[in-house]
Amino acid sequence: EAVVKIETALENEEADAQFYWSLALAQEGLENYAKAAEAYQTAYPSFTRNKDFLKAYALFLREEGALVLTKEVIEKYLEIESSDEEMIAILDEINSDI
């Protein structure tokens, strides 16, 4: 909740990608999914090689039903962490659904 409270204070300032990732997690925890999605999207370009971010974002996107973007994010994740059986299974499931 503290991260969400400072969002307004930083509205007109440039914040780094880590802030937006933290904000995404906070908004997701508060079930503010639209705001979480915006924050994830803002952070995403800076974290395309961060396996922890990619996994969290992929799982969020899957829950939101954004299968095409979920697939993209999982594929980037698997380039880094190719042995993650959970993510491989999710990707297989998405590929059969699309």
# chains A, B, ... in the order shown; residues from 1 in each chain; ligands from 1
>>> residues_around(residues="A:Glu81", least_positions_apart="6", cutoff="12 Å", atoms="only C-alpha atoms", output="mmCIF file with C-alpha atoms, in the first residue's frame")
data_model
loop_
_atom_site.group_PDB
_atom_site.id
_atom_site.type_symbol
_atom_site.label_atom_id
_atom_site.label_comp_id
_atom_site.auth_asym_id
_atom_site.auth_seq_id
_atom_site.Cartn_x
_atom_site.Cartn_y
_atom_site.Cartn_z
ATOM 1 C CA ARG A 49 16.306 -9.985 -19.617
ATOM 2 C CA ASN A 50 15.230 -10.240 -15.960
ATOM 3 C CA LYS A 51 13.901 -13.738 -15.308
ATOM 4 C CA ASP A 52 12.121 -12.815 -12.068
ATOM 5 C CA LEU A 54 9.398 -11.977 -16.795
ATOM 6 C CA LYS A 55 7.974 -14.854 -14.760
ATOM 7 C CA ILE A 74 7.288 -16.745 -21.509
ATOM 8 C CA GLU A 75 9.402 -17.238 -24.622
ATOM 9 C CA MET A 87 6.602 -22.252 -17.599
ATOM 10 C CA ILE A 88 7.201 -24.832 -20.344
#
>>> select_by_dssp(residues="chain A", states="alpha helix (DSSP H)", output="PyMOL selection string")
chain A and resi 2-9+17-29+33-43+51-64+67-80+85-97
>>> closest_residue(among="A:Phe60, A:Ser96, A:Lys71, A:Ser46", to="A:Gln27", atoms="only C-alpha atoms")
A:Phe60
>>> residues_around(residues="A:Thr42", least_positions_apart="6", cutoff="10 Å", atoms="only C-alpha atoms", output="PyMOL selection string")
chain A and resi 16-21+24+36
>>> residues_around(residues="A:Gly29", least_positions_apart="3", cutoff="12 Å", atoms="only C-alpha atoms", output="list in words")
Glu1, Ala2, Val3, Val4, Ser22, Leu23, Ala24, Leu25, Ala26, Asn32, Tyr33, Lys35, Ala36 and Phe60 of chain A
>>> closest_residue(among="A:Glu86, A:Leu30, A:Glu72, A:Ala43", to="A:Ala58", atoms="only C-alpha atoms")
A:Glu72
